[in-house]
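Structure file run-v3.cif with mmCIF, C-alpha atoms:
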data_model
loop_
_atom_site.label_atom_id
_atom_site.label_comp_id
_atom_site.auth_asym_id
_atom_site.auth_seq_id
_atom_site.Cartn_x
_atom_site.Cartn_y
_atom_site.Cartn_z
CA MET A 1 29.45 -1.14 31.37
CA ASN A 2 30.50 0.79 34.51
CA LYS A 3 33.93 -0.79 35.00
CA LEU A 4 35.83 1.71 32.83
CA PRO A 5 34.42 4.87 34.47
CA GLN A 6 35.02 3.28 37.89
CA ALA A 7 38.60 2.47 36.98
CA LEU A 8 39.21 6.00 35.72
CA ALA A 9 37.72 7.44 38.87
CA ALA A 10 39.90 5.20 41.02
CA ALA A 11 42.99 6.23 39.04
CA ALA A 12 42.08 9.88 39.43
CA LEU A 13 41.72 9.45 43.19
CA LEU A 14 45.14 7.82 43.35
CA VAL A 15 46.68 10.74 41.46
CA LEU A 16 45.01 13.25 43.74
CA ALA A 17 46.13 11.30 46.80
CA GLY A 18 49.67 11.28 45.47
CA GLN A 19 49.53 15.04 44.96
CA ALA A 20 48.15 15.62 48.43
CA LEU A 21 50.98 13.61 49.91
CA ALA A 22 53.73 15.23 47.79
CA ASP A 23 56.75 16.16 49.87
CA ILE A 24 58.10 19.69 50.16
CA ASN A 25 61.80 19.55 49.26
CA VAL A 26 64.00 22.23 50.81
CA GLY A 27 67.51 22.73 49.44
CA VAL A 28 70.14 24.11 51.80
CA THR A 29 73.69 25.22 50.97
CA VAL A 30 75.83 26.55 53.83
CA SER A 31 79.52 27.15 54.45
CA ALA A 32 80.12 24.34 56.93
CA THR A 33 83.84 24.28 56.08
CA GLY A 34 86.32 26.91 54.92
CA PRO A 35 86.84 30.44 56.30
CA ALA A 36 83.13 30.94 57.05
CA ALA A 37 82.70 27.62 58.88
CA SER A 38 82.08 29.27 62.24
CA LEU A 39 78.99 30.83 60.66
CA GLY A 40 77.89 27.88 58.54
CA ILE A 41 78.12 25.14 61.17
CA PRO A 42 75.45 26.63 63.48
CA GLU A 43 73.28 27.23 60.40
CA LYS A 44 73.64 23.58 59.42
CA ASN A 45 72.88 22.53 63.00
CA THR A 46 69.77 24.69 63.03
CA VAL A 47 68.35 23.01 59.94
CA SER A 48 68.12 19.81 62.00
CA LEU A 49 65.72 21.65 64.35
CA MET A 50 63.34 22.77 61.59
CA PRO A 51 59.89 21.15 61.25
CA THR A 52 59.60 17.90 59.29
CA THR A 53 55.94 18.55 58.55
CA ILE A 54 54.23 21.83 57.67
CA ALA A 55 50.47 22.10 57.14
CA GLY A 56 50.26 18.31 56.97
CA GLN A 57 52.95 18.03 54.27
CA LYS A 58 56.19 16.14 54.84
CA VAL A 59 59.29 18.33 54.52
CA ASN A 60 62.65 16.97 53.33
CA TYR A 61 65.87 18.94 53.81
CA ILE A 62 68.77 18.35 51.42
CA VAL A 63 71.83 19.99 53.04
CA LEU A 64 75.05 20.63 51.11
CA ASP A 65 78.36 22.24 52.12
CA ASP A 66 79.72 24.91 49.77
CA ALA A 67 83.03 25.14 51.66
CA SER A 68 82.84 28.98 51.71
CA ASP A 69 83.45 28.89 47.95
CA THR A 70 81.39 30.89 45.46
CA THR A 71 81.75 28.39 42.62
CA LYS A 72 80.69 25.53 44.89
CA ALA A 73 77.68 27.50 46.13
CA VAL A 74 76.49 27.96 42.55
CA ALA A 75 77.08 24.27 41.75
CA ASN A 76 75.16 23.24 44.87
CA THR A 77 72.25 25.48 43.92
CA ARG A 78 72.08 24.04 40.40
CA ARG A 79 72.18 20.50 41.77
CA LEU A 80 69.45 21.18 44.33
CA ILE A 81 67.19 22.62 41.64
CA THR A 82 67.86 20.25 38.75
CA GLU A 83 68.50 16.95 40.56
CA ASP A 84 66.69 17.27 43.88
CA LYS A 85 63.81 19.33 42.46
CA VAL A 86 63.63 21.57 45.52
CA ASP A 87 60.77 23.99 46.08
CA ILE A 88 62.92 26.54 47.91
CA VAL A 89 66.62 27.20 48.56
CA LEU A 90 67.97 28.32 51.96
CA GLY A 91 71.46 29.83 51.85
CA SER A 92 74.13 30.59 51.53
CA THR A 93 76.15 31.73 54.53
CA THR A 94 78.20 34.55 52.98
CA THR A 95 77.41 37.55 50.81
CA PRO A 96 79.62 36.58 47.82
CA ASN A 97 78.09 33.09 47.69
CA SER A 98 74.54 34.39 48.00
CA LEU A 99 75.04 37.00 45.28
CA ALA A 100 76.41 34.35 42.93
CA MET A 101 73.35 32.14 43.50
CA ILE A 102 70.79 34.75 42.45
CA ASP A 103 71.03 34.12 38.69
CA VAL A 104 70.48 30.39 39.21
CA VAL A 105 67.34 30.65 41.36
CA ALA A 106 65.89 33.46 39.25
CA GLU A 107 66.32 31.50 36.04
CA ALA A 108 64.65 28.45 37.58
CA GLN A 109 62.05 30.60 39.38
CA VAL A 110 62.73 28.97 42.74
CA PRO A 111 62.48 31.20 45.84
CA MET A 112 65.61 31.63 47.94
CA ILE A 113 66.14 32.86 51.50
CA SER A 114 69.73 33.92 52.16
CA MET A 115 71.45 33.90 55.56
CA ALA A 116 73.99 36.53 54.43
CA ALA A 117 73.97 40.20 55.38
CA SER A 118 74.52 42.54 52.44
CA ALA A 119 71.52 44.56 51.30
CA ARG A 120 72.70 44.01 47.73
CA ILE A 121 71.32 40.47 47.94
CA VAL A 122 67.78 41.87 47.85
CA GLU A 123 68.26 45.47 46.69
CA PRO A 124 67.32 46.97 44.37
CA GLN A 125 64.34 44.75 43.68
CA ASP A 126 64.24 43.62 40.03
CA ALA A 127 63.16 40.64 37.93
CA LYS A 128 65.89 38.46 39.43
CA LYS A 129 65.90 39.60 43.05
CA ARG A 130 62.13 39.28 43.33
CA TRP A 131 62.88 35.57 43.92
CA VAL A 132 65.33 36.31 46.74
CA PHE A 133 64.73 37.09 50.43
CA LYS A 134 67.12 37.26 53.39
CA THR A 135 67.07 37.19 57.18
CA PRO A 136 70.18 39.05 58.50
CA GLN A 137 69.93 42.73 59.28
CA ASN A 138 71.06 45.11 56.52
CA ASP A 139 74.49 46.71 56.80
CA ILE A 140 73.01 50.22 56.96
CA MET A 141 70.96 49.30 60.05
CA MET A 142 74.05 48.01 61.81
CA SER A 143 76.21 50.86 60.48
CA LEU A 144 73.87 53.40 62.03
CA ALA A 145 74.08 51.59 65.37
CA ILE A 146 77.88 51.80 65.28
CA ALA A 147 78.01 55.41 64.04
CA SER A 148 75.52 56.52 66.70
CA HIS A 149 77.55 54.87 69.46
CA MET A 150 80.76 56.44 68.13
CA ALA A 151 79.23 59.92 68.00
CA ASP A 152 77.76 59.55 71.48
CA HIS A 153 81.21 58.67 72.84
CA GLY A 154 83.13 61.56 71.33
CA ILE A 155 84.72 59.78 68.38
CA LYS A 156 85.49 62.03 65.42
CA THR A 157 87.74 59.97 63.13
CA VAL A 158 87.49 56.32 62.07
CA ALA A 159 89.90 53.99 60.25
CA PHE A 160 88.26 51.18 58.27
CA ILE A 161 89.49 47.71 57.31
CA GLY A 162 87.27 45.09 55.70
CA PHE A 163 87.24 41.94 53.61
CA ALA A 164 88.34 42.40 50.00
CA ASP A 165 84.98 41.19 48.71
CA ALA A 166 81.33 42.20 48.54
CA TYR A 167 80.96 42.05 52.33
CA GLY A 168 83.79 44.50 52.99
CA GLU A 169 82.81 46.82 50.15
CA GLY A 170 79.17 46.81 51.18
CA TRP A 171 80.10 47.75 54.70
CA TYR A 172 82.45 50.52 53.56
CA GLN A 173 79.70 52.06 51.44
CA GLU A 174 76.99 51.79 54.09
CA PHE A 175 79.17 52.90 57.00
CA GLY A 176 80.28 55.88 54.92
CA LYS A 177 76.64 56.97 54.71
CA ALA A 178 76.10 56.50 58.44
CA ALA A 179 79.36 58.27 59.27
CA GLY A 180 78.30 61.27 57.19
CA LEU A 181 75.00 61.49 59.05
CA LYS A 182 76.78 61.44 62.40
CA GLY A 183 79.62 63.82 61.51
CA LEU A 184 82.37 61.18 61.53
CA GLN A 185 85.38 61.29 59.22
CA VAL A 186 86.73 58.06 57.69
CA VAL A 187 90.51 58.57 57.50
CA ALA A 188 91.74 55.16 56.25
CA ASN A 189 90.32 52.39 54.07
CA GLU A 190 92.12 49.02 53.98
CA ARG A 191 91.23 45.54 52.71
CA TYR A 192 92.33 41.94 53.33
CA ASN A 193 91.29 38.47 52.18
CA ARG A 194 89.36 36.00 54.31
CA THR A 195 92.19 33.48 53.94
CA ASP A 196 95.07 35.88 54.77
CA THR A 197 97.35 34.94 57.65
CA SER A 198 98.95 38.38 58.04
CA VAL A 199 97.69 41.95 57.74
CA THR A 200 100.79 43.74 59.03
CA ALA A 201 100.96 46.30 56.21
CA GLN A 202 97.31 47.21 56.56
CA VAL A 203 97.53 47.50 60.35
CA LEU A 204 100.52 49.85 60.08
CA LYS A 205 98.45 52.15 57.88
CA LEU A 206 95.53 52.00 60.32
CA VAL A 207 97.75 52.89 63.27
CA GLY A 208 99.45 55.61 61.23
CA ALA A 209 96.09 57.26 60.57
CA HIS A 210 95.82 58.07 64.32
CA ALA A 211 92.04 57.55 64.26
CA ASP A 212 89.90 57.68 67.37
CA ALA A 213 88.41 54.29 66.45
CA VAL A 214 88.86 51.41 64.02
CA LEU A 215 85.99 49.54 62.37
CA ILE A 216 86.76 45.99 61.20
CA ALA A 217 84.28 44.72 58.61
CA GLY A 218 84.91 41.00 58.60
CA SER A 219 82.96 37.93 59.61
CA GLY A 220 83.72 34.79 61.56
CA THR A 221 87.13 34.03 63.00
CA PRO A 222 89.11 35.79 60.20
CA ALA A 223 87.81 39.09 61.60
CA ALA A 224 90.03 38.60 64.66
CA LEU A 225 93.23 38.94 62.60
CA PRO A 226 93.34 42.75 62.20
CA GLN A 227 92.43 43.22 65.85
CA ALA A 228 95.33 41.07 66.98
CA GLY A 229 97.60 43.22 64.83
CA LEU A 230 96.24 46.42 66.34
CA VAL A 231 96.89 45.14 69.86
CA GLU A 232 100.38 44.07 68.87
CA ARG A 233 101.10 47.58 67.53
CA GLY A 234 99.80 49.22 70.70
CA TYR A 235 96.68 50.84 69.30
CA THR A 236 94.65 52.32 72.19
CA GLY A 237 91.54 53.66 70.45
CA LYS A 238 88.15 51.99 70.45
CA VAL A 239 87.64 49.00 68.15
CA TYR A 240 84.32 48.09 66.55
CA GLN A 241 83.37 44.92 64.70
CA THR A 242 80.27 44.06 62.67
CA HIS A 243 77.51 41.58 63.44
CA GLY A 244 79.52 39.15 61.32
CA VAL A 245 81.56 38.14 64.40
CA ALA A 246 78.71 37.43 66.80
CA ASN A 247 79.59 33.86 67.74
CA ASN A 248 81.63 32.14 70.42
CA ASP A 249 84.32 30.97 67.99
CA PHE A 250 85.28 34.62 67.51
CA LEU A 251 85.62 35.03 71.27
CA ARG A 252 87.72 31.87 71.45
CA VAL A 253 90.07 32.84 68.62
CA GLY A 254 90.25 36.53 69.55
CA GLY A 255 90.81 35.95 73.26
CA LYS A 256 92.20 38.97 75.12
CA ASN A 257 92.82 40.78 71.84
CA VAL A 258 89.10 41.42 71.36
CA GLU A 259 88.32 42.48 74.91
CA GLY A 260 86.40 45.79 75.02
CA THR A 261 85.20 45.52 71.42
CA PHE A 262 81.83 47.03 70.50
CA LEU A 263 79.54 45.57 67.86
CA PRO A 264 75.92 45.65 66.74
CA SER A 265 74.07 42.37 66.89
CA GLY A 266 70.73 40.71 66.55
CA PRO A 267 68.96 40.48 69.93
CA VAL A 268 69.38 36.70 70.12
CA LEU A 269 73.05 37.14 71.12
CA VAL A 270 72.05 38.63 74.48
CA ALA A 271 68.47 37.36 74.68
CA ASP A 272 68.55 36.71 78.43
CA GLN A 273 69.87 40.23 79.10
CA LEU A 274 67.14 42.04 77.15
CA PRO A 275 64.45 44.04 78.97
CA ALA A 276 61.24 42.10 79.57
CA ASN A 277 59.37 44.36 77.14
CA HIS A 278 61.80 43.91 74.22
CA PRO A 279 59.69 42.72 71.25
CA ALA A 280 62.16 39.98 70.25
CA ARG A 281 63.01 38.66 73.73
CA LYS A 282 60.44 35.84 73.81
CA SER A 283 61.09 34.52 70.30
CA ALA A 284 64.87 34.83 70.75
CA LEU A 285 64.78 32.88 74.01
CA GLU A 286 62.68 30.17 72.36
CA TYR A 287 65.35 29.61 69.72
CA VAL A 288 68.17 29.68 72.29
CA ALA A 289 66.38 27.03 74.39
CA LYS A 290 65.84 24.71 71.41
CA TYR A 291 69.38 25.06 70.07
CA GLU A 292 71.10 24.61 73.43
CA ALA A 293 68.91 21.62 74.28
CA ALA A 294 70.27 19.95 71.15
CA PHE A 295 73.86 21.20 71.07
CA GLY A 296 74.78 22.20 74.62
CA LYS A 297 74.63 25.24 76.86
CA GLY A 298 76.41 28.27 75.45
CA SER A 299 76.53 26.82 71.92
CA VAL A 300 73.99 29.16 70.32
CA SER A 301 75.06 31.83 67.81
CA THR A 302 73.38 34.62 65.88
CA PHE A 303 74.19 32.86 62.60
CA GLY A 304 72.18 29.81 63.46
CA ALA A 305 69.37 32.17 64.35
CA HIS A 306 69.43 33.60 60.81
CA ALA A 307 68.80 30.07 59.55
CA TRP A 308 66.05 29.62 62.14
CA ASP A 309 64.32 32.77 60.94
CA ALA A 310 64.59 31.51 57.34
CA GLY A 311 62.80 28.37 58.48
CA LEU A 312 60.10 30.40 60.25
CA LEU A 313 59.49 32.46 57.11
CA MET A 314 59.24 29.31 55.02
CA ALA A 315 56.84 27.70 57.52
CA ALA A 316 54.63 30.80 57.47
CA ALA A 317 54.51 30.89 53.66
CA VAL A 318 53.89 27.18 52.96
CA PRO A 319 50.24 26.96 54.14
CA VAL A 320 49.35 29.94 51.96
CA ALA A 321 51.20 28.54 48.94
CA LEU A 322 49.51 25.13 49.26
CA LYS A 323 46.19 26.77 48.42
CA LYS A 324 47.51 27.60 44.94
CA GLY A 325 49.70 24.65 44.01
CA GLN A 326 51.18 21.31 44.98
CA PRO A 327 54.83 20.84 46.08
CA GLY A 328 57.13 20.02 43.20
CA THR A 329 55.31 22.26 40.74
CA PRO A 330 56.09 25.71 39.27
CA ALA A 331 52.72 26.90 40.61
CA PHE A 332 53.72 26.01 44.18
CA ARG A 333 57.13 27.66 43.90
CA ALA A 334 55.59 30.85 42.51
CA ALA A 335 52.93 30.83 45.21
CA LEU A 336 55.61 30.30 47.86
CA ARG A 337 57.49 33.36 46.57
CA ASP A 338 54.29 35.41 46.67
CA ALA A 339 53.43 34.18 50.17
CA LEU A 340 56.88 35.10 51.52
CA GLU A 341 56.29 38.62 50.28
CA GLN A 342 53.10 38.79 52.33
CA VAL A 343 54.49 37.69 55.72
CA LYS A 344 53.49 40.18 58.43
CA GLU A 345 54.36 40.56 62.12
CA LEU A 346 56.29 37.28 62.26
CA ALA A 347 58.29 37.10 65.48
CA GLY A 348 61.71 35.66 64.67
CA ALA A 349 64.80 35.11 66.77
CA HIS A 350 66.29 38.36 65.42
CA GLY A 351 63.24 40.60 65.22
CA ILE A 352 59.79 41.08 63.77
CA PHE A 353 59.45 40.42 60.02
CA ASN A 354 57.13 42.46 57.81
CA MET A 355 57.82 41.63 54.17
CA SER A 356 56.53 43.47 51.11
CA SER A 357 57.15 43.64 47.35
CA ALA A 358 59.67 46.42 48.01
CA ASP A 359 61.27 44.95 51.15
CA HIS A 360 62.52 41.35 51.07
CA LEU A 361 64.14 41.62 54.52
CA GLY A 362 61.29 43.09 56.53
CA LEU A 363 63.20 43.95 59.70
CA ASP A 364 63.27 47.32 61.48
CA GLN A 365 65.30 48.84 64.32
CA ARG A 366 63.83 46.32 66.78
CA ALA A 367 66.20 43.79 65.18
CA ARG A 368 69.44 45.22 66.48
CA VAL A 369 71.15 45.90 69.80
CA LEU A 370 74.62 47.11 70.74
CA VAL A 371 76.94 44.68 72.52
CA LYS A 372 80.34 44.91 74.21
CA ILE A 373 82.83 42.09 74.71
CA ASP A 374 83.41 42.16 78.46
CA LYS A 375 85.53 39.54 80.25
CA GLY A 376 85.23 37.18 77.32
CA ALA A 377 81.43 37.38 77.14
CA TRP A 378 78.75 39.38 75.33
CA LYS A 379 77.30 42.25 77.38
CA TYR A 380 74.15 44.10 76.31
CA GLN A 381 74.58 47.89 76.07
CA PRO A 382 71.24 49.65 76.81
#

Let me see the file written as structure tokens.
Amino acid sequence: MNKLPQALAAAALLVLAGQALADINVGVTVSATGPAASLGIPEKNTVSLMPTTIAGQKVNYIVLDDASDTTKAVANTRRLITEDKVDIVLGSTTTPNSLAMIDVVAEAQVPMISMAASARIVEPQDAKKRWVFKTPQNDIMMSLAIASHMADHGIKTVAFIGFADAYGEGWYQEFGKAAGLKGLQVVANERYNRTDTSVTAQVLKLVGAHADAVLIAGSGTPAALPQAGLVERGYTGKVYQTHGVANNDFLRVGGKNVEGTFLPSGPVLVADQLPANHPARKSALEYVAKYEAAFGKGSVSTFGAHAWDAGLLMAAAVPVALKKGQPGTPAFRAALRDALEQVKELAGAHGIFNMSSADHLGLDQRARVLVKIDKGAWKYQP
């Protein structure tokens, strides 16, 4: 008489046990090859340092290479969602790739944390971008750091050259705002492709503008190309780069051509040079220690730190989301999105994160410093 109810109860317990032990699947697409490889490789490396259990749940990472290609990034995202059934997507490395992925994650209602810089990835917030978060500092934050330094050092005119894509255009728009606030005049505006091997025509126009300074809005090793051309043409003004070059591959490729360059950066780049009371010093040094223990002294980069911060955000949100749903379900993914939006005072490698429904970055001015390339190394500028 009691065998059937007992059997049903046992079956129910098995189902519940299976749900309790459901894995959290994390999809990752990064640019480990192609023009953005110097950014994507440290991001990929950093994923291997992320926790394999969170709040008692096993975490699986499915890592794909999008080869710095927008079409591939979209294909990877679709595969991760439809085939691997991921609960969250981390990536991609570049702004164009990340922008292209938004429609896919929004349609599937899977949260995404980008490691790319442009504010347009998360702004303005709408029905699609409510599923998207990011960890790198916004261009306007870094633009203001550059414009302030320029104004403080007597610069009046600036020539601009950037990538012929969303990254370059975003920087031109945001720097234009910062330049206006600081009384700077932008006297040239040039573009080039990430895969170009020569920018002679653009450099001639930059030099011909006779600007006090040049701002190069590129990322990774391709950003060294215009600077080499400027040196070759004898340009003697100050040169600024964006936080898109803050890795040792840029120093290696740029060599003497990039000596004396100024750039804004996340604090992790010069973590050991920061004042003891800097709010990000401790968390930045923790990431540096873990990365260099795994990949060698001097191997750390700011781009890997963006991935690390994405992992920290995810780890902070998971315990909250688990109260509302089980991994692998729409309820869990929605709860994860909601929990990300509620993260407060999270100390990351690049700053302190305070998310909200209106702000899916959550960083403030504590997340940036100014750096100079001095004798082939990064030097903190107080």

* To do: Within 6 Å of Asp309 of chain A, counting only C-alpha atoms, which residues show up once you throw out same-chain ones fewer than 3 positions away? Write them as a PyMOL selection string, please.
  => chain A and resi 306+312+348

Write the residues you've just listed into a file as a compact mmCIF listing (two decimals), in the coordinates of the input, and include C-alpha atoms for each of them.
# COMPACT_ATOMS: atom_id res chain seq x y z
CA HIS A 306 69.43 33.60 60.81
CA LEU A 312 60.10 30.40 60.25
CA GLY A 348 61.71 35.66 64.67

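Residue nearest Ala347 of chain A, chosen from A:Tyr287, A:Phe250, A:Tyr61, A:Phe262 and counting all atoms listed in the file: A:Tyr287.
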
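We find atom CA of Gly229 of chain A and atom CA of Ser148 of chain A to be spaced 25.8 Å apart.
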
* Asked: Out of A:Leu313, A:Ile62, A:Val105, A:Val74, which residue has the shortest atom-to-atom distance to Lys344 of chain A when counting all atoms listed in the file?
  -> A:Leu313

* To do: Using the chain letters and numbers from the file, give me the residues hit by the PyMOL selection byres ((chain A and resi 143) around 9), as a PyMOL selection string.
  => chain A and resi 138-142+144-148+171+174-179+242+264

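For the pair atom CA of Ala188 of chain A and atom CA of Gln202 of chain A, the separation is 9.7 Å.
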
* On this structure, which residues satisfy the PyMOL selection byres ((chain A and resi 87-102) around 7), written as a ChimeraX atom specification? -> /A:24-31,39-40,69-70,73-74,77,85-86,103-106,110-118,121,128-129,166-167,327-328,333

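Computed from the coordinates, the atom CA of Asp84 of chain A to atom CA of Leu64 of chain A distance equals 11.6 Å.
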
* Determine the residue membership of the PyMOL selection byres ((chain A and resi 46-51) around 8) for the file above and supply it as a ChimeraX atom specification. => /A:42-45,52-54,59,61,290-291,304-305,307-308,311

Create the file for the chosen residues now, containing C-alpha atoms and written as an mmCIF file, keeping the file's coordinate frame.
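What ended up in out-v6.cif:
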data_model
loop_
_atom_site.group_PDB
_atom_site.id
_atom_site.type_symbol
_atom_site.label_atom_id
_atom_site.label_comp_id
_atom_site.auth_asym_id
_atom_site.auth_seq_id
_atom_site.Cartn_x
_atom_site.Cartn_y
_atom_site.Cartn_z
ATOM 1 C CA PRO A 42 75.450 26.630 63.480
ATOM 2 C CA GLU A 43 73.280 27.230 60.400
ATOM 3 C CA LYS A 44 73.640 23.580 59.420
ATOM 4 C CA ASN A 45 72.880 22.530 63.000
ATOM 5 C CA THR A 52 59.600 17.900 59.290
ATOM 6 C CA THR A 53 55.940 18.550 58.550
ATOM 7 C CA ILE A 54 54.230 21.830 57.670
ATOM 8 C CA VAL A 59 59.290 18.330 54.520
ATOM 9 C CA TYR A 61 65.870 18.940 53.810
ATOM 10 C CA LYS A 290 65.840 24.710 71.410
ATOM 11 C CA TYR A 291 69.380 25.060 70.070
ATOM 12 C CA GLY A 304 72.180 29.810 63.460
ATOM 13 C CA ALA A 305 69.370 32.170 64.350
ATOM 14 C CA ALA A 307 68.800 30.070 59.550
ATOM 15 C CA TRP A 308 66.050 29.620 62.140
ATOM 16 C CA GLY A 311 62.800 28.370 58.480
#

Can you pull out every residue within 6 Å of Leu215 of chain A, counting all atoms listed in the file, but drop anything in the same chain fewer than 6 positions away, and send it as a PDB file with C-alpha atoms, keeping the file's coordinate frame?
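Final output, result-v9.pdb:
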ATOM      1  CA  PHE A 160      88.260  51.180  58.270  1.00  0.00           C
ATOM      2  CA  TYR A 240      84.320  48.090  66.550  1.00  0.00           C
ATOM      3  CA  GLN A 241      83.370  44.920  64.700  1.00  0.00           C
TER       4      GLN A 241
END

* With a distance cut-off of 10 Å and all atoms listed in the file, select the neighbouring residues of segment 199-201 of chain A, excluding the residue or stretch itself and same-chain residues fewer than 2 positions from it, and output the selection as a list in words. => Glu190, Arg191, Tyr192, Asn193, Asp196, Thr197, Val203, Leu204, Lys205, Leu206, Leu225, Pro226, Gln227, Ala228, Gly229, Leu230, Glu232 and Arg233 of chain A

Please provide as a short mmCIF file (atom, residue, chain, number, x, y, z; two decimals) with C-alpha atoms, in the coordinates of the input all residues within 8 Å of Leu363 of chain A, with the sequence filter that same-chain residues fewer than 2 positions apart are discarded (counting all atoms listed in the file).
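The result, stored in selection.cif:
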data_model
loop_
_atom_site.label_atom_id
_atom_site.label_comp_id
_atom_site.auth_asym_id
_atom_site.auth_seq_id
_atom_site.Cartn_x
_atom_site.Cartn_y
_atom_site.Cartn_z
CA GLN A 137 69.93 42.73 59.28
CA GLY A 351 63.24 40.60 65.22
CA ILE A 352 59.79 41.08 63.77
CA PHE A 353 59.45 40.42 60.02
CA ASN A 354 57.13 42.46 57.81
CA LEU A 361 64.14 41.62 54.52
CA GLN A 365 65.30 48.84 64.32
CA ARG A 366 63.83 46.32 66.78
CA ALA A 367 66.20 43.79 65.18
#

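Shortest atom-to-atom contact with Phe303 of chain A among A:Glu345, A:Asp249, A:Asp364, A:Asp126: A:Asp249, counting all atoms listed in the file.
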
* Asked: Using all atoms listed in the file, which residues sit within 12 Å of Arg281 of chain A once same-chain residues fewer than 3 positions away are excluded, as a PyMOL selection string?
  -> chain A and resi 266-278+284-288+347-352+366-369

Just segment 366-378 of chain A from the block, N, CA and C atoms, as an mmCIF file, in the first residue's frame, could you?
data_model
loop_
_atom_site.group_PDB
_atom_site.id
_atom_site.type_symbol
_atom_site.label_atom_id
_atom_site.label_comp_id
_atom_site.auth_asym_id
_atom_site.auth_seq_id
_atom_site.Cartn_x
_atom_site.Cartn_y
_atom_site.Cartn_z
ATOM 1 N N ARG A 366 37.961 56.492 -8.919
ATOM 2 C CA ARG A 366 38.975 55.681 -8.235
ATOM 3 C C ARG A 366 39.521 54.581 -9.151
ATOM 4 N N ALA A 367 38.909 54.404 -10.314
ATOM 5 C CA ALA A 367 39.280 53.319 -11.218
ATOM 6 C C ALA A 367 40.270 53.739 -12.297
ATOM 7 N N ARG A 368 40.821 54.929 -12.187
ATOM 8 C CA ARG A 368 41.784 55.321 -13.212
ATOM 9 C C ARG A 368 42.958 56.084 -12.616
ATOM 10 N N VAL A 369 44.116 55.894 -13.235
ATOM 11 C CA VAL A 369 45.329 56.632 -12.891
ATOM 12 C C VAL A 369 45.972 57.086 -14.193
ATOM 13 N N LEU A 370 46.923 57.996 -14.102
ATOM 14 C CA LEU A 370 47.678 58.404 -15.288
ATOM 15 C C LEU A 370 49.062 57.778 -15.211
ATOM 16 N N VAL A 371 49.529 57.296 -16.367
ATOM 17 C CA VAL A 371 50.787 56.553 -16.441
ATOM 18 C C VAL A 371 51.644 57.123 -17.570
ATOM 19 N N LYS A 372 52.947 57.052 -17.394
ATOM 20 C CA LYS A 372 53.902 57.445 -18.438
ATOM 21 C C LYS A 372 54.799 56.262 -18.760
ATOM 22 N N ILE A 373 55.121 56.093 -20.035
ATOM 23 C CA ILE A 373 56.090 55.066 -20.430
ATOM 24 C C ILE A 373 57.484 55.658 -20.259
ATOM 25 N N ASP A 374 58.224 55.135 -19.309
ATOM 26 C CA ASP A 374 59.530 55.677 -18.946
ATOM 27 C C ASP A 374 60.559 54.550 -18.923
ATOM 28 N N LYS A 375 61.535 54.628 -19.826
ATOM 29 C CA LYS A 375 62.587 53.613 -19.939
ATOM 30 C C LYS A 375 61.990 52.211 -20.134
ATOM 31 N N GLY A 376 60.984 52.155 -20.989
ATOM 32 C CA GLY A 376 60.379 50.887 -21.335
ATOM 33 C C GLY A 376 59.517 50.275 -20.262
ATOM 34 N N ALA A 377 59.085 51.077 -19.288
ATOM 35 C CA ALA A 377 58.256 50.556 -18.197
ATOM 36 C C ALA A 377 57.149 51.556 -17.879
ATOM 37 N N TRP A 378 56.126 51.077 -17.159
ATOM 38 C CA TRP A 378 55.010 51.933 -16.765
ATOM 39 C C TRP A 378 55.359 52.684 -15.496
#
